[in-house]
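So this block is final-v6.cif, mmCIF, C-alpha atoms and all ligand atoms:
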```cif
data_protein
loop_
_atom_site.label_atom_id
_atom_site.label_comp_id
_atom_site.auth_asym_id
_atom_site.auth_seq_id
_atom_site.Cartn_x
_atom_site.Cartn_y
_atom_site.Cartn_z
CA MET A 1 54.86 163.82 83.47
CA ASN A 2 54.94 167.55 83.04
CA ASN A 3 55.69 168.89 86.51
CA HIS A 4 55.04 172.50 85.73
CA GLN A 5 51.57 171.77 84.38
CA ASN A 6 50.66 169.40 87.19
CA SER A 7 52.02 171.48 90.04
CA PHE A 8 49.26 172.44 92.44
CA SER A 9 49.17 176.23 92.83
CA PRO A 10 45.74 177.41 93.95
CA PRO A 11 44.96 181.02 94.88
CA ILE A 12 45.83 181.50 98.53
CA ARG A 13 43.97 183.41 101.23
CA ILE A 14 45.64 183.95 104.59
CA LEU A 15 43.26 184.38 107.49
CA ALA A 16 44.94 185.86 110.54
CA THR A 17 43.02 185.61 113.75
CA ARG A 18 43.71 186.80 117.26
CA ARG A 19 41.92 183.82 118.72
CA ARG A 20 44.64 181.55 117.40
CA ARG A 21 47.71 181.34 119.59
CA ARG A 22 50.11 178.97 117.89
CA THR A 23 48.38 176.52 115.61
CA VAL A 24 48.15 176.81 111.83
CA SER A 25 45.54 175.02 109.79
CA ALA A 26 44.52 174.95 106.16
CA ARG A 27 41.60 173.91 104.01
CA LEU A 28 40.65 173.98 100.38
CA ARG A 29 37.45 175.93 99.85
CA SER A 30 36.00 176.45 96.36
CA GLY A 31 39.48 176.00 94.91
CA VAL A 32 41.06 178.57 97.23
CA LEU A 33 43.64 177.44 99.77
CA GLU A 34 42.73 179.12 103.05
CA VAL A 35 45.47 179.15 105.65
CA MET A 36 44.50 180.16 109.18
CA VAL A 37 47.38 181.66 111.15
CA PRO A 38 47.73 183.50 114.46
CA ALA A 39 47.59 187.28 114.02
CA SER A 40 50.87 187.58 115.90
CA MET A 41 52.78 185.54 113.31
CA SER A 42 55.38 187.35 111.20
CA VAL A 43 55.00 187.65 107.42
CA ALA A 44 58.03 185.44 106.78
CA GLU A 45 56.65 182.82 109.14
CA ARG A 46 53.23 182.96 107.42
CA GLU A 47 54.79 182.44 104.02
CA ARG A 48 56.71 179.45 105.26
CA TRP A 49 53.52 177.93 106.63
CA VAL A 50 51.55 178.63 103.45
CA GLU A 51 54.12 176.68 101.43
CA LEU A 52 54.07 173.80 103.93
CA MET A 53 50.27 173.65 103.81
CA ARG A 54 50.22 173.84 100.00
CA GLU A 55 52.61 170.89 99.82
CA ARG A 56 50.60 168.91 102.37
CA ILE A 57 47.32 169.40 100.48
CA GLU A 58 49.00 168.61 97.18
CA ARG A 59 50.21 165.29 98.61
CA GLN A 60 46.70 164.51 99.86
CA MET A 61 45.24 165.26 96.42
CA ARG A 62 47.83 163.13 94.63
CA ARG A 63 47.00 160.16 96.82
CA LYS A 64 43.37 160.41 95.67
CA LEU A 65 44.18 160.63 91.95
CA PRO A 66 43.19 157.63 89.87
CA THR A 67 46.29 155.65 89.04
CA ASP A 68 47.56 153.57 86.16
CA GLN A 69 46.98 150.60 88.45
CA ARG A 70 43.28 151.40 88.49
CA LEU A 71 43.25 151.54 84.67
CA ALA A 72 44.96 148.16 84.51
CA GLU A 73 42.38 146.65 86.86
CA ARG A 74 39.46 148.04 84.83
CA ALA A 75 40.99 146.78 81.58
CA LYS A 76 41.44 143.32 83.07
CA ARG A 77 37.79 143.24 84.12
CA LEU A 78 36.67 144.29 80.61
CA ASN A 79 38.97 141.69 79.08
CA ASP A 80 37.44 138.94 81.22
CA ARG A 81 33.90 140.07 80.55
CA TYR A 82 33.90 140.92 76.84
CA PHE A 83 36.91 139.14 75.39
CA ALA A 84 36.90 135.92 77.44
CA GLY A 85 40.26 137.03 78.90
CA ARG A 86 41.98 136.39 75.55
CA LEU A 87 43.56 139.83 75.13
CA SER A 88 46.99 140.78 76.36
CA TRP A 89 48.82 144.08 76.35
CA THR A 90 52.28 145.21 77.33
CA SER A 91 51.47 148.48 79.10
CA ILE A 92 48.52 150.61 80.06
CA GLY A 93 48.42 154.07 81.59
CA TYR A 94 47.41 157.70 81.55
CA THR A 95 49.24 160.19 79.35
CA ASP A 96 49.11 163.93 78.61
CA THR A 97 50.13 163.54 74.99
CA VAL A 98 47.30 161.60 73.42
CA SER A 99 45.43 163.66 70.80
CA LEU A 100 41.89 162.73 71.82
CA TRP A 101 40.75 160.25 74.51
CA GLY A 102 42.88 157.21 74.05
CA SER A 103 45.34 155.43 71.85
CA CYS A 104 46.39 151.89 71.19
CA THR A 105 49.68 151.01 69.55
CA PHE A 106 48.49 147.54 68.65
CA THR A 107 51.83 146.42 67.21
CA ILE A 108 53.40 146.59 70.67
CA GLY A 109 50.17 146.40 72.70
CA ALA A 110 50.49 149.75 74.49
CA ILE A 111 47.27 151.43 75.60
CA ARG A 112 47.14 155.09 76.64
CA VAL A 113 44.23 157.06 78.08
CA ALA A 114 44.17 160.87 78.19
CA SER A 115 45.02 162.24 81.65
CA ARG A 116 42.08 164.63 81.49
CA MET A 117 39.80 161.56 81.71
CA LYS A 118 40.86 161.01 85.32
CA ALA A 119 37.86 163.02 86.44
CA PHE A 120 35.42 161.18 84.14
CA PRO A 121 32.97 158.53 85.40
CA ASP A 122 34.14 154.91 85.35
CA TRP A 123 31.64 153.86 82.66
CA VAL A 124 33.06 156.50 80.28
CA VAL A 125 36.65 155.45 81.01
CA ASP A 126 35.56 151.84 80.44
CA TYR A 127 34.16 152.75 77.04
CA VAL A 128 37.47 154.34 75.97
CA LEU A 129 39.32 151.28 77.31
CA MET A 130 36.91 149.03 75.36
CA HIS A 131 37.68 151.00 72.20
CA GLU A 132 41.43 150.60 72.69
CA LEU A 133 41.15 146.94 73.75
CA THR A 134 39.11 146.22 70.62
CA HIS A 135 42.02 147.60 68.59
CA LEU A 136 44.11 144.71 69.90
CA VAL A 137 41.82 142.54 67.75
CA HIS A 138 40.93 144.92 64.90
CA SER A 139 43.43 147.63 64.04
CA ASN A 140 41.00 149.66 61.89
CA HIS A 141 37.51 151.05 62.52
CA GLY A 142 35.69 148.65 60.19
CA PRO A 143 32.29 146.97 60.78
CA ALA A 144 33.87 144.07 62.72
CA PHE A 145 35.53 146.57 65.04
CA HIS A 146 32.22 148.32 65.78
CA GLU A 147 30.35 145.06 66.22
CA MET A 148 32.84 144.04 68.87
CA LEU A 149 32.90 147.45 70.58
CA ASP A 150 29.11 147.75 70.67
CA ARG A 151 28.90 144.79 73.03
CA TYR A 152 29.67 147.33 75.72
CA PRO A 153 26.14 148.30 76.84
CA MET A 154 26.96 151.92 77.74
CA ALA A 155 28.65 152.60 74.39
CA GLU A 156 26.03 155.04 73.05
CA ARG A 157 25.77 157.01 76.29
CA ALA A 158 29.55 157.18 76.61
CA LYS A 159 29.90 158.48 73.04
CA GLY A 160 27.42 161.24 73.87
CA TYR A 161 29.32 162.08 77.06
CA LEU A 162 32.63 162.34 75.19
CA ILE A 163 31.16 164.51 72.42
CA ALA A 164 29.73 166.89 75.03
CA ALA A 165 33.01 166.95 76.98
CA GLN A 166 34.95 167.71 73.80
CA GLN A 167 32.65 170.58 72.86
CA LEU A 168 32.83 172.01 76.36
CA SER A 169 36.63 171.94 76.35
CA GLN A 170 36.70 173.66 72.92
CA MET A 171 34.37 176.37 74.20
CA GLN A 172 36.72 176.89 77.13
CA GLY A 173 39.65 177.20 74.75
CA GLY A 174 41.10 173.82 75.65
CA ALA A 175 42.49 171.26 73.26
ZN ZN B 201 40.22 153.79 67.35
#
```
Please rewrite the model in this file as structure tokens.
Ligand SMILES: [Zn+2]
Amino acid sequence: MNNHQNSFSPPIRILATRRRRRTVSARLRSGVLEVMVPASMSVAERERWVELMRERIERQMRRKLPTDQRLAERAKRLNDRYFAGRLSWTSIGYTDTVSLWGSCTFTIGAIRVASRMKAFPDWVVDYVLMHELTHLVHSNHGPAFHEMLDRYPMAERAKGYLIAAQQLSQMQGGA
């Protein structure tokens, strides 16, 4: 994990109000961290609170992030449904270093899904998982591979979604 890249550092707005006596509160609004502090609070004290609130909200956000455990559960469900539970893999998880959406090192059975897919709908993530799971049976992209992969009913829609997402990220200067 790249800590610098994943560190949560939103723009911060401090709202000082006379109505507030002692309490500090914070909320995330349109990507801006708003921290409400009493007007009487010193600058040093405000800064300390801003950092505390940033850390608290970061922890809350991390708890909501989709986990590798969730990927493993989805893969197991797909395995049961489309492969009669016959597939096995050694590890599965999100990564920042995959070149496109996913990768499967079929020799050791390691499946990786791009971290930027965490925000994608489940049926798109499932399609990428299906693709990588299918590689556990067929290492290349031949006709037998596609025949197996196309059993996933949302395959065509998911391909369209991924193409659009890729173009959007290129337009925004992403990878
Ligand atoms: Zn492939």
Computed interatomic separation between CA of Gly142 (chain A) and CA of Leu78 (chain A) (Å):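 Separation between CA of Gly142 (chain A) and CA of Leu78 (chain A): 20.9 Å.
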Surroundings of ligand ZN 201 (chain B) up to 10 Å, based on only C-alpha atoms and all ligand atoms, as JSON, numbers by chain: {"A": [101, 102, 103, 104, 128, 130, 131, 132, 133, 134, 135, 138, 139, 140, 141, 142, 145, 146]}
Any chance you could export the current selection's C-alpha atoms as a compact mmCIF listing (two decimals), in the coordinates of the input?
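This went into result09.txt:
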```txt
# COMPACT_ATOMS: atom_id res chain seq x y z
CA TRP A 101 40.75 160.25 74.51
CA GLY A 102 42.88 157.21 74.05
CA SER A 103 45.34 155.43 71.85
CA CYS A 104 46.39 151.89 71.19
CA VAL A 128 37.47 154.34 75.97
CA MET A 130 36.91 149.03 75.36
CA HIS A 131 37.68 151.00 72.20
CA GLU A 132 41.43 150.60 72.69
CA LEU A 133 41.15 146.94 73.75
CA THR A 134 39.11 146.22 70.62
CA HIS A 135 42.02 147.60 68.59
CA HIS A 138 40.93 144.92 64.90
CA SER A 139 43.43 147.63 64.04
CA ASN A 140 41.00 149.66 61.89
CA HIS A 141 37.51 151.05 62.52
CA GLY A 142 35.69 148.65 60.19
CA PHE A 145 35.53 146.57 65.04
CA HIS A 146 32.22 148.32 65.78
```
For Arg74 (chain A), the nearest of the candidates A:Leu129, A:Val124, A:Leu28, A:Ala110, counting all atoms listed in the file: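 For Arg74 (chain A), the nearest of the given residues is A:Leu129.
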Surrounding residues of region 112-118 of chain A excluding itself and chain neighbours under 6 positions, 12 Å, all atoms listed in the file, as an MDAnalysis selection string: chainID A and resid 1:2 5:6 62 64:68 70:72 75 89:106 124:133 161:162 165:166 169 174:175
Go ahead and dump the residues you just picked, C-alpha atoms, as an mmCIF file, keeping the file's coordinate frame.
```
data_model
loop_
_atom_site.group_PDB
_atom_site.id
_atom_site.type_symbol
_atom_site.label_atom_id
_atom_site.label_comp_id
_atom_site.auth_asym_id
_atom_site.auth_seq_id
_atom_site.Cartn_x
_atom_site.Cartn_y
_atom_site.Cartn_z
ATOM 1 C CA MET A 1 54.860 163.820 83.470
ATOM 2 C CA ASN A 2 54.940 167.550 83.040
ATOM 3 C CA GLN A 5 51.570 171.770 84.380
ATOM 4 C CA ASN A 6 50.660 169.400 87.190
ATOM 5 C CA ARG A 62 47.830 163.130 94.630
ATOM 6 C CA LYS A 64 43.370 160.410 95.670
ATOM 7 C CA LEU A 65 44.180 160.630 91.950
ATOM 8 C CA PRO A 66 43.190 157.630 89.870
ATOM 9 C CA THR A 67 46.290 155.650 89.040
ATOM 10 C CA ASP A 68 47.560 153.570 86.160
ATOM 11 C CA ARG A 70 43.280 151.400 88.490
ATOM 12 C CA LEU A 71 43.250 151.540 84.670
ATOM 13 C CA ALA A 72 44.960 148.160 84.510
ATOM 14 C CA ALA A 75 40.990 146.780 81.580
ATOM 15 C CA TRP A 89 48.820 144.080 76.350
ATOM 16 C CA THR A 90 52.280 145.210 77.330
ATOM 17 C CA SER A 91 51.470 148.480 79.100
ATOM 18 C CA ILE A 92 48.520 150.610 80.060
ATOM 19 C CA GLY A 93 48.420 154.070 81.590
ATOM 20 C CA TYR A 94 47.410 157.700 81.550
ATOM 21 C CA THR A 95 49.240 160.190 79.350
ATOM 22 C CA ASP A 96 49.110 163.930 78.610
ATOM 23 C CA THR A 97 50.130 163.540 74.990
ATOM 24 C CA VAL A 98 47.300 161.600 73.420
ATOM 25 C CA SER A 99 45.430 163.660 70.800
ATOM 26 C CA LEU A 100 41.890 162.730 71.820
ATOM 27 C CA TRP A 101 40.750 160.250 74.510
ATOM 28 C CA GLY A 102 42.880 157.210 74.050
ATOM 29 C CA SER A 103 45.340 155.430 71.850
ATOM 30 C CA CYS A 104 46.390 151.890 71.190
ATOM 31 C CA THR A 105 49.680 151.010 69.550
ATOM 32 C CA PHE A 106 48.490 147.540 68.650
ATOM 33 C CA VAL A 124 33.060 156.500 80.280
ATOM 34 C CA VAL A 125 36.650 155.450 81.010
ATOM 35 C CA ASP A 126 35.560 151.840 80.440
ATOM 36 C CA TYR A 127 34.160 152.750 77.040
ATOM 37 C CA VAL A 128 37.470 154.340 75.970
ATOM 38 C CA LEU A 129 39.320 151.280 77.310
ATOM 39 C CA MET A 130 36.910 149.030 75.360
ATOM 40 C CA HIS A 131 37.680 151.000 72.200
ATOM 41 C CA GLU A 132 41.430 150.600 72.690
ATOM 42 C CA LEU A 133 41.150 146.940 73.750
ATOM 43 C CA TYR A 161 29.320 162.080 77.060
ATOM 44 C CA LEU A 162 32.630 162.340 75.190
ATOM 45 C CA ALA A 165 33.010 166.950 76.980
ATOM 46 C CA GLN A 166 34.950 167.710 73.800
ATOM 47 C CA SER A 169 36.630 171.940 76.350
ATOM 48 C CA GLY A 174 41.100 173.820 75.650
ATOM 49 C CA ALA A 175 42.490 171.260 73.260
#
```
Nearest to Met148 (chain A) by atom-to-atom distance, counting all atoms listed in the file, from A:Trp49, A:Phe120, A:Phe83, A:Phe8: A:Phe83
Distance criterion (only C-alpha atoms): nearest to Glu147 (chain A) out of A:Met171, A:Gln60, A:Ile108, A:Tyr82: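 The shortest atom-to-atom distance to Glu147 (chain A) comes from A:Tyr82.
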Surrounding residues of Arg13 (chain A) excluding itself and chain neighbours under 2 positions, 9 Å, only C-alpha atoms, as a PDB file with C-alpha atoms, in the coordinates of the input:
```
ATOM      1  CA  PRO A  11      44.960 181.020  94.880  1.00  0.00           C
ATOM      2  CA  LEU A  15      43.260 184.380 107.490  1.00  0.00           C
ATOM      3  CA  VAL A  32      41.060 178.570  97.230  1.00  0.00           C
ATOM      4  CA  LEU A  33      43.640 177.440  99.770  1.00  0.00           C
ATOM      5  CA  GLU A  34      42.730 179.120 103.050  1.00  0.00           C
ATOM      6  CA  VAL A  35      45.470 179.150 105.650  1.00  0.00           C
ATOM      7  CA  MET A  36      44.500 180.160 109.180  1.00  0.00           C
TER       8      MET A  36
END
```
Coordinates-based distance that separates CA of Ile111 (chain A) from CA of Asn79 (chain A) (Å, one decimal):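 We find that CA of Asn79 (chain A) and CA of Ile111 (chain A) lie 13.3 Å from each other.
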Computed interatomic separation between CA of Val37 (chain A) and CA of Arg56 (chain A) (Å): 15.8 Å
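Nearest to Glu55 (chain A) of all the residues A:Asp122, A:Arg21, A:Glu156, A:Ala26 is A:Ala26, counting all atoms listed in the file.
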Centre and size of axis-aligned box enclosing region 49-67 of chain A plus 4 Å each side, as lines of an AutoDock Vina configuration file:
```
center_x = 48.7
center_y = 167.1
center_z = 97.8
size_x = 18.9
size_y = 31.0
size_z = 25.6
```
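Among A:Asp80, A:Pro10, A:Val43, A:Glu73, the residue with the shortest atom-to-atom distance to Ile57 (chain A), counting only C-alpha atoms, is A:Pro10.
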Nearest to Ser40 (chain A), chosen from A:Arg157, A:Arg77, A:Arg18, A:Arg27, with all atoms listed in the file counted in the distances: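 Checking each candidate against Ser40 (chain A), we get A:Arg18 as the closest.
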